[in-house]
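*Asks:* Pasting a structure below so you can have a look.
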Amino acid sequence: MLTLPLVTASTIATDTSFLSSVAIILGAVFVVYQIRQDKAMLEASVRQADANSEQARLTMQQFNQNSNLATMDLVMRMYEFADSLEVQRSYSAVLRANLSSYEEFERLPEEKQLAFFQVASLFESLGFLVDKGYVKADIIDDMFATKLAWKMTEPFVMGMRKRFATEDYYVFFEKLYQRLSAPPA
């Protein structure tokens, strides 16, 4: 005949204490295991973030190189235009006119008047590019005779502003001249 062991309160308390201890140990083992897995995932995330950061840095470097190349291409195209025979004739006409007043400009033949418009417009375009940050002022200063061009066209520009009662005529040209004439900071 089979005899069942006698179950007492003290036996249940001992068994419960043992099972509770086993559960705590298993829980601790699980927590340690989970922490190790989380640490490995965190390290993988950090490596991924580092790789993303490096990729962003390289992309930005490439963007800056492309931007610099595009800027130089733009400047070289402007220089090619400025170096054309037509613009050189206009520039030469402006230099030879040596104006001291707008009235002298008005007495010039139409072809020479157009030369002033062409030269002032060229430098207005360059001034716009510098003012808007597309081109660095020192590049324009190195490649174009801005200060001389301004001095030769200033009576024309100021006369245009006075005659047509507006300050808008060739404002970027004047800003460029002022920027290039300012003492280095």
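Here's how to read the names in the structure tokens: chain A, B, ... by the order shown, residue numbers from 1 in each chain, ligand numbers from 1 in the order shown.
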Need the shell around A:Leu74: protein/DNA/RNA residues with any atom at most 12 Å away, counting only C-alpha atoms. Skip same-chain ones fewer than 3 positions apart. Format as a PyMOL selection string?

*Replies:* chain A and resi 67-71+77-81+125-126+129-130+134-136+139-140

*Asks:* Quick one: residues within 8 Å of A:Ala137, only C-alpha atoms counted, chain neighbours fewer than 5 positions away excluded, as a CSV table (one decimal) with C-alpha atoms, in the first residue's frame?

*Replies:*
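Resulting contents of part-v9.csv:
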chain,number,residue,atom,x,y,z
A,130,VAL,CA,28.9,88.3,-53.3
A,176,LEU,CA,31.0,95.2,-53.4
A,179,ARG,CA,33.3,95.8,-49.0
A,180,LEU,CA,36.6,95.4,-50.9

*Asks:* Provide the atom CA of A:Leu99 to atom CA of A:Leu122 distance in Å, to one decimal place.

*Replies:* 18.6 Å

*Asks:* Atom CA of A:Ala185 and atom CA of A:Met60 are how many Å apart?

*Replies:* 28.5 Å

*Asks:* Find the residues around A:Gly127 up to 8 Å (only C-alpha atoms counted), leave out those fewer than 3 positions away in its own chain, and share them as a PyMOL selection string.

*Replies:* chain A and resi 123-124+130-131+172-176

*Asks:* What does the file look like for those residues with N, CA and C atoms, as a compact mmCIF listing (two decimals), in the first residue's frame?

*Replies:*
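Below you can see selection_36.txt, which holds the result:
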# COMPACT_ATOMS: atom_id res chain seq x y z
N PHE A 123 29.52 94.41 -62.95
CA PHE A 123 29.92 94.49 -61.55
C PHE A 123 28.72 94.44 -60.61
N GLU A 124 27.56 94.86 -61.08
CA GLU A 124 26.33 94.70 -60.28
C GLU A 124 26.05 93.21 -60.09
N VAL A 130 28.21 88.14 -54.52
CA VAL A 130 28.94 88.26 -53.25
C VAL A 130 27.96 88.56 -52.12
N ASP A 131 27.06 89.51 -52.33
CA ASP A 131 26.11 89.91 -51.30
C ASP A 131 25.24 88.74 -50.84
N PHE A 172 24.36 96.79 -55.60
CA PHE A 172 25.26 95.68 -55.27
C PHE A 172 26.69 95.97 -55.74
N PHE A 173 26.82 96.71 -56.81
CA PHE A 173 28.14 97.15 -57.28
C PHE A 173 28.77 98.03 -56.21
N GLU A 174 28.01 98.98 -55.70
CA GLU A 174 28.55 99.88 -54.67
C GLU A 174 28.89 99.11 -53.39
N LYS A 175 28.02 98.18 -52.98
CA LYS A 175 28.30 97.38 -51.79
C LYS A 175 29.58 96.57 -51.96
N LEU A 176 29.76 96.01 -53.15
CA LEU A 176 30.98 95.25 -53.43
C LEU A 176 32.20 96.15 -53.32

*Asks:* Taking only C-alpha atoms into account, which of A:Trp150, A:Phe30, A:Phe144, A:Phe156 comes nearest A:Lys112?

*Replies:*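 Once distances to A:Lys112 are computed over only C-alpha atoms, the minimum belongs to A:Phe156.
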
*Asks:* Just how far from atom CA of A:Lys151 is atom CA of A:Leu95, in Å to one decimal?

*Replies:*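 Atom CA of A:Lys151 lies at a distance of 9.6 Å from atom CA of A:Leu95.
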
*Asks:* Could you list, as a list in words, every residue within 8 Å of A:Phe116, counting only C-alpha atoms and ignoring same-chain residues fewer than 2 positions away?

*Replies:*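 Contacts, with the query itself left out: Ser90, Tyr91, Val94, Lys112, Gln113, Leu114, Gln118, Val119, Ala120, Thr153 and Phe156 of chain A.
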
*Asks:* Print the selection's residues with C-alpha atoms to a file, as a short mmCIF file (atom, residue, chain, number, x, y, z; two decimals), in the first residue's frame.

*Replies:*
data_model
loop_
_atom_site.label_atom_id
_atom_site.label_comp_id
_atom_site.auth_asym_id
_atom_site.auth_seq_id
_atom_site.Cartn_x
_atom_site.Cartn_y
_atom_site.Cartn_z
CA SER A 90 33.30 98.59 -73.13
CA TYR A 91 35.77 98.58 -70.24
CA VAL A 94 34.83 103.57 -69.71
CA LYS A 112 30.06 104.77 -75.19
CA GLN A 113 27.04 105.27 -72.95
CA LEU A 114 26.14 101.62 -73.48
CA GLN A 118 27.55 97.07 -69.60
CA VAL A 119 30.46 97.53 -67.19
CA ALA A 120 28.23 98.66 -64.32
CA THR A 153 31.70 104.55 -63.23
CA PHE A 156 27.54 107.62 -64.02
#
